[in-house]
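Enquirer: CSV, C-alpha atoms, file query.csv:
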```csv
chain,number,residue,atom,x,y,z
Q,1,MET,CA,-17.2,16.6,-24.3
Q,2,HIS,CA,-16.3,12.9,-24.6
Q,3,ARG,CA,-12.8,13.8,-25.7
Q,4,ILE,CA,-12.3,15.8,-22.5
Q,5,ALA,CA,-13.5,12.9,-20.3
Q,6,VAL,CA,-11.1,10.6,-22.1
Q,7,GLN,CA,-8.2,13.1,-21.6
Q,8,LEU,CA,-9.1,13.3,-17.9
Q,9,GLN,CA,-9.1,9.5,-17.6
Q,10,ASP,CA,-5.8,9.3,-19.3
Q,11,PHE,CA,-4.3,12.0,-17.0
Q,12,ALA,CA,-5.6,10.2,-13.9
Q,13,ALA,CA,-4.2,6.9,-15.2
Q,14,ARG,CA,-0.8,8.4,-15.8
Q,15,ARG,CA,-0.8,10.0,-12.4
Q,16,ASN,CA,-1.8,6.7,-10.8
Q,17,ILE,CA,1.0,4.8,-12.6
Q,18,THR,CA,3.5,7.5,-11.6
Q,19,SER,CA,2.5,7.3,-7.9
Q,20,HIS,CA,2.8,3.5,-8.0
Q,21,LEU,CA,6.3,3.7,-9.5
Q,22,ALA,CA,7.3,6.3,-6.8
Q,23,VAL,CA,6.1,3.9,-4.1
Q,24,ILE,CA,8.0,1.0,-5.6
Q,25,ALA,CA,11.1,3.1,-5.8
Q,26,ALA,CA,10.7,4.2,-2.2
Q,27,TYR,CA,10.3,0.5,-1.2
Q,28,LEU,CA,13.5,-0.5,-3.1
Q,29,ILE,CA,15.5,2.3,-1.6
Q,30,THR,CA,14.3,1.5,1.9
Q,31,GLY,CA,15.2,-2.1,1.4
Q,32,TRP,CA,18.6,-1.1,0.2
Q,33,PHE,CA,19.1,1.0,3.3
Q,34,GLY,CA,17.8,-2.0,5.4
Q,35,LEU,CA,20.6,-4.1,3.9
Q,36,LEU,CA,23.2,-1.5,4.7
Q,37,LEU,CA,22.0,-1.2,8.3
Q,38,THR,CA,21.7,-4.9,9.0
Q,39,PRO,CA,23.4,-5.3,12.4
Q,40,LEU,CA,24.4,-9.0,12.3
Q,41,SER,CA,27.0,-10.3,9.9
Q,42,GLY,CA,25.8,-13.2,7.9
Q,43,TYR,CA,22.2,-12.1,8.4
Q,44,ALA,CA,20.7,-10.6,5.2
Q,45,SER,CA,17.2,-9.4,4.8
Q,46,ALA,CA,15.9,-6.8,2.4
Q,47,ILE,CA,13.8,-5.3,5.0
Q,48,PHE,CA,14.5,-5.4,8.7
Q,49,PRO,CA,11.6,-4.8,11.2
Q,50,PRO,CA,12.0,-1.0,11.7
Q,51,ALA,CA,12.0,-0.4,8.0
Q,52,GLY,CA,9.1,-2.8,7.4
Q,53,ILE,CA,7.1,-1.0,10.1
Q,54,ALA,CA,8.0,2.4,8.5
Q,55,ILE,CA,6.9,1.2,5.1
Q,56,THR,CA,3.6,-0.2,6.5
Q,57,VAL,CA,2.9,3.1,8.4
Q,58,ALA,CA,3.5,5.0,5.1
Q,59,ALA,CA,1.0,2.7,3.3
Q,60,LEU,CA,-1.5,3.1,6.1
Q,61,ILE,CA,-1.3,6.8,5.8
Q,62,ALA,CA,-1.1,7.1,2.0
Q,63,MET,CA,-3.5,4.4,0.8
Q,64,PRO,CA,-6.7,5.7,2.3
Q,65,ALA,CA,-6.0,9.1,0.9
Q,66,LEU,CA,-5.2,7.6,-2.5
Q,67,ALA,CA,-8.4,5.5,-2.4
Q,68,TRP,CA,-10.4,8.6,-1.6
Q,69,LEU,CA,-8.8,10.6,-4.5
Q,70,LYS,CA,-9.4,7.7,-6.9
Q,71,ARG,CA,-13.0,7.4,-5.8
Q,72,ARG,CA,-13.6,11.1,-6.3
Q,73,THR,CA,-11.9,11.1,-9.7
Q,74,ALA,CA,-13.8,7.9,-10.8
Q,75,ARG,CA,-17.1,9.6,-9.9
Q,76,ALA,CA,-16.2,12.8,-11.7
Q,77,THR,CA,-15.1,10.9,-14.9
Q,78,ASP,CA,-17.6,8.0,-14.6
Q,79,ASN,CA,-14.6,5.6,-14.8
Q,80,ARG,CA,-15.4,2.1,-13.5
Q,81,ALA,CA,-11.8,0.9,-13.8
Q,82,LEU,CA,-10.6,3.7,-11.5
Q,83,ALA,CA,-13.4,3.0,-9.1
Q,84,ALA,CA,-12.3,-0.6,-8.9
Q,85,ASP,CA,-8.7,0.5,-8.4
Q,86,ALA,CA,-10.0,2.7,-5.5
Q,87,VAL,CA,-11.4,-0.4,-3.9
Q,88,GLN,CA,-8.0,-2.1,-4.3
Q,89,SER,CA,-6.3,0.9,-2.6
Q,90,ALA,CA,-8.7,0.7,0.3
Q,91,THR,CA,-8.0,-3.0,0.6
Q,92,CYS,CA,-4.3,-2.2,0.7
Q,93,ALA,CA,-4.9,0.2,3.6
Q,94,TYR,CA,-6.8,-2.5,5.5
Q,95,LEU,CA,-4.0,-5.0,4.8
Q,96,ALA,CA,-1.4,-2.4,5.9
Q,97,GLY,CA,-3.3,-2.0,9.2
Q,98,ILE,CA,-3.3,-5.7,9.8
Q,99,THR,CA,0.4,-6.0,8.9
Q,100,LEU,CA,1.3,-3.1,11.2
Q,101,PHE,CA,-0.5,-4.7,14.0
Q,102,GLY,CA,1.4,-8.0,13.5
Q,103,LEU,CA,4.8,-6.3,13.0
Q,104,ALA,CA,4.4,-4.1,16.0
Q,105,ILE,CA,3.3,-6.9,18.4
Q,106,ASN,CA,6.2,-9.1,17.1
Q,107,ALA,CA,8.7,-6.3,17.5
Q,108,MET,CA,7.6,-5.3,21.0
Q,109,PHE,CA,6.9,-8.7,22.5
Q,110,HIS,CA,8.8,-11.1,20.2
Q,111,ILE,CA,5.8,-13.3,19.6
Q,112,GLY,CA,6.6,-14.9,16.3
Q,113,TRP,CA,3.2,-16.5,15.6
Q,114,ILE,CA,1.3,-13.2,15.9
Q,115,ASP,CA,2.1,-12.5,12.2
Q,116,SER,CA,0.2,-15.6,11.2
Q,117,LEU,CA,-2.7,-14.7,13.4
Q,118,ALA,CA,-2.8,-11.2,12.0
Q,119,ALA,CA,-2.8,-12.7,8.5
Q,120,LEU,CA,-5.9,-14.7,9.3
Q,121,ALA,CA,-7.7,-11.4,10.1
Q,122,ALA,CA,-7.2,-10.5,6.4
Q,123,LEU,CA,-9.2,-13.5,5.2
Q,124,PRO,CA,-12.7,-12.0,5.5
Q,125,ILE,CA,-12.0,-9.0,3.2
Q,126,LEU,CA,-9.8,-11.1,0.8
Q,127,ILE,CA,-12.6,-13.7,0.4
Q,128,VAL,CA,-15.1,-11.0,-0.4
Q,129,ASP,CA,-12.8,-9.1,-2.6
```
Re-express the file's structure as structure tokens.
Expert:
Amino acid sequence: MHRIAVQLQDFAARRNITSHLAVIAAYLITGWFGLLLTPLSGYASAIFPPAGIAITVAALIAMPALAWLKRRTARATDNRALAADAVQSATCAYLAGITLFGLAINAMFHIGWIDSLAALAALPILIVD
């Protein structure tokens, strides 16, 4: 029975790593497209605001689902490491929400300091975490 649990944990870990690599690849490809679509000559940014907002929305949708799946798998396999990783995924979703708020307000109203204010909203969970 222990061998099956270890195999399940190994499978979950491999799937987790694969999903993370897919997200990184999507981020890099989006950044590359962002550089191609940069409207101003001489201005270079890996991610311009619409692409950054799209990535943040994707994280806000994907990370809660990923956290839930990790939590469920961690309970089924009694894996504490995966449970801790589920907490990190939930934290990522929280940070994506804060980032989306800051990016959206900045994009709509061109209030540059709102990003810093939004970042301060992340402090309570980051201090506890």
Enquirer: Rounded to one decimal, what separation in Å do you get between atom CA of Q:Ala90 and atom CA of Q:Ser19?
Expert: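 That distance, rounded to one decimal, is 15.4 Å.
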Enquirer: Residues of stretch 94-114 of chain Q within 12 Å of stretch 124-129 of chain Q: nearest atom pair and distance (Å, one decimal) for each, counting only C-alpha atoms, sorted by chain and number, as JSON lines?
Expert:
```
{"residue": "Q:Tyr94", "atom": "CA", "partner": "Q:Ile125", "partner_atom": "CA", "distance": 8.6}
{"residue": "Q:Leu95", "atom": "CA", "partner": "Q:Ile125", "partner_atom": "CA", "distance": 9.1}
{"residue": "Q:Ile98", "atom": "CA", "partner": "Q:Ile125", "partner_atom": "CA", "distance": 11.4}
```
Enquirer: Which residue out of Q:Ile61, Q:Arg15, Q:Ala118, Q:Asn79 has the minimum interatomic distance to Q:Ile105 when all atoms listed in the file are used?
Expert: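 Ranking Q:Ile61, Q:Arg15, Q:Ala118, Q:Asn79 by distance to Q:Ile105, first place goes to Q:Ala118.
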Enquirer: Using all atoms listed in the file, which of the listed residues (Q:Phe11, Q:Thr30, Q:Thr99, Q:Trp68) sits closest to Q:Ala84?
Expert: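 Closest residue, counting all atoms listed in the file: Q:Trp68.
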Enquirer: In the coordinates of the file, take the point (-6.3, 11.7, -12.3) and a cut-off of 10 Å; then, counting all atoms listed in the file, name each qualifying protein, DNA or RNA residue as a VMD selection string.
Expert: chain Q and resid 7 to 16 69 to 70 72 to 74 76 to 77 82
Enquirer: For a test of reading the model, state the distance in Å between atom CA of Q:Gly31 and atom CA of Q:Ile17, rounded to one decimal.
Expert: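 Going from atom CA of Q:Gly31 over to atom CA of Q:Ile17 covers 21.1 Å.
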Enquirer: Can you tell me, as JSON, numbers by chain, what residues are no more than 10 Å from stretch 49-54 of chain Q when counting only C-alpha atoms, ignoring any on the same chain fewer than 6 positions away?
Expert: {"Q": [27, 30, 31, 33, 34, 60, 96, 99, 100, 101, 102, 103, 104, 106, 107]}
Enquirer: Hey, can you check how far atom CA of Q:Ala93 sits from atom CA of Q:Pro64?
Expert: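 Between atom CA of Q:Ala93 and atom CA of Q:Pro64 the gap works out to 5.9 Å.
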Enquirer: Using the incomplete input, complete stretch 59-82 of chain Q to the level of N, CA, C and O atoms; output as a CSV table (one decimal), in the coordinates of the input.
Expert:
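What ended up in rebuild.csv:
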```csv
chain,number,residue,atom,x,y,z
Q,59,ALA,N,2.2,3.2,4.1
Q,59,ALA,CA,1.0,2.7,3.3
Q,59,ALA,C,-0.3,3.0,4.0
Q,59,ALA,O,-1.3,3.3,3.4
Q,60,LEU,N,-0.3,2.8,5.4
Q,60,LEU,CA,-1.5,3.1,6.1
Q,60,LEU,C,-1.9,4.5,6.1
Q,60,LEU,O,-3.1,4.8,6.1
Q,61,ILE,N,-1.0,5.4,5.9
Q,61,ILE,CA,-1.3,6.8,5.8
Q,61,ILE,C,-1.7,7.2,4.3
Q,61,ILE,O,-2.7,7.9,4.1
Q,62,ALA,N,-0.9,6.7,3.4
Q,62,ALA,CA,-1.1,7.1,2.0
Q,62,ALA,C,-2.3,6.4,1.3
Q,62,ALA,O,-3.0,7.0,0.5
Q,63,MET,N,-2.5,5.1,1.5
Q,63,MET,CA,-3.5,4.4,0.8
Q,63,MET,C,-4.9,4.8,1.0
Q,63,MET,O,-5.7,4.9,0.0
Q,64,PRO,N,-5.4,5.2,2.2
Q,64,PRO,CA,-6.7,5.7,2.3
Q,64,PRO,C,-6.9,7.0,1.5
Q,64,PRO,O,-8.0,7.2,0.9
Q,65,ALA,N,-5.9,7.9,1.6
Q,65,ALA,CA,-6.0,9.1,0.9
Q,65,ALA,C,-6.0,8.9,-0.6
Q,65,ALA,O,-6.8,9.5,-1.4
Q,66,LEU,N,-5.2,7.9,-1.1
Q,66,LEU,CA,-5.2,7.6,-2.5
Q,66,LEU,C,-6.5,7.0,-2.9
Q,66,LEU,O,-7.0,7.3,-4.0
Q,67,ALA,N,-7.1,6.1,-2.1
Q,67,ALA,CA,-8.4,5.5,-2.4
Q,67,ALA,C,-9.4,6.6,-2.5
Q,67,ALA,O,-10.3,6.5,-3.4
Q,68,TRP,N,-9.4,7.5,-1.6
Q,68,TRP,CA,-10.4,8.6,-1.6
Q,68,TRP,C,-10.3,9.5,-2.9
Q,68,TRP,O,-11.3,9.8,-3.6
Q,69,LEU,N,-9.0,9.8,-3.3
Q,69,LEU,CA,-8.8,10.6,-4.5
Q,69,LEU,C,-9.2,9.8,-5.7
Q,69,LEU,O,-9.8,10.4,-6.6
Q,70,LYS,N,-8.9,8.5,-5.8
Q,70,LYS,CA,-9.4,7.7,-6.9
Q,70,LYS,C,-10.9,7.6,-7.0
Q,70,LYS,O,-11.4,7.7,-8.1
Q,71,ARG,N,-11.5,7.4,-5.8
Q,71,ARG,CA,-13.0,7.4,-5.8
Q,71,ARG,C,-13.6,8.7,-6.4
Q,71,ARG,O,-14.5,8.7,-7.1
Q,72,ARG,N,-13.1,9.8,-5.9
Q,72,ARG,CA,-13.6,11.1,-6.3
Q,72,ARG,C,-13.4,11.3,-7.8
Q,72,ARG,O,-14.3,11.7,-8.5
Q,73,THR,N,-12.2,10.9,-8.3
Q,73,THR,CA,-11.9,11.1,-9.7
Q,73,THR,C,-12.8,10.1,-10.6
Q,73,THR,O,-13.3,10.5,-11.6
Q,74,ALA,N,-13.0,8.9,-10.0
Q,74,ALA,CA,-13.8,7.9,-10.8
Q,74,ALA,C,-15.3,8.4,-10.9
Q,74,ALA,O,-15.9,8.2,-11.9
Q,75,ARG,N,-15.8,9.0,-9.8
Q,75,ARG,CA,-17.1,9.6,-9.9
Q,75,ARG,C,-17.2,10.7,-10.9
Q,75,ARG,O,-18.2,10.8,-11.6
Q,76,ALA,N,-16.2,11.6,-10.9
Q,76,ALA,CA,-16.2,12.8,-11.7
Q,76,ALA,C,-16.1,12.4,-13.2
Q,76,ALA,O,-16.7,13.0,-14.1
Q,77,THR,N,-15.4,11.3,-13.5
Q,77,THR,CA,-15.1,10.9,-14.9
Q,77,THR,C,-16.0,9.7,-15.3
Q,77,THR,O,-15.9,9.3,-16.4
Q,78,ASP,N,-16.8,9.2,-14.3
Q,78,ASP,CA,-17.6,8.0,-14.6
Q,78,ASP,C,-16.7,6.8,-15.1
Q,78,ASP,O,-17.0,6.2,-16.1
Q,79,ASN,N,-15.6,6.6,-14.4
Q,79,ASN,CA,-14.6,5.6,-14.8
Q,79,ASN,C,-14.7,4.4,-13.9
Q,79,ASN,O,-14.3,4.5,-12.7
Q,80,ARG,N,-15.3,3.3,-14.3
Q,80,ARG,CA,-15.4,2.1,-13.5
Q,80,ARG,C,-14.1,1.5,-13.1
Q,80,ARG,O,-13.9,0.9,-12.0
Q,81,ALA,N,-13.2,1.5,-14.0
Q,81,ALA,CA,-11.8,0.9,-13.8
Q,81,ALA,C,-11.1,1.6,-12.6
Q,81,ALA,O,-10.6,1.0,-11.7
Q,82,LEU,N,-11.2,2.9,-12.6
Q,82,LEU,CA,-10.6,3.7,-11.5
Q,82,LEU,C,-11.4,3.5,-10.2
Q,82,LEU,O,-10.7,3.4,-9.2
```
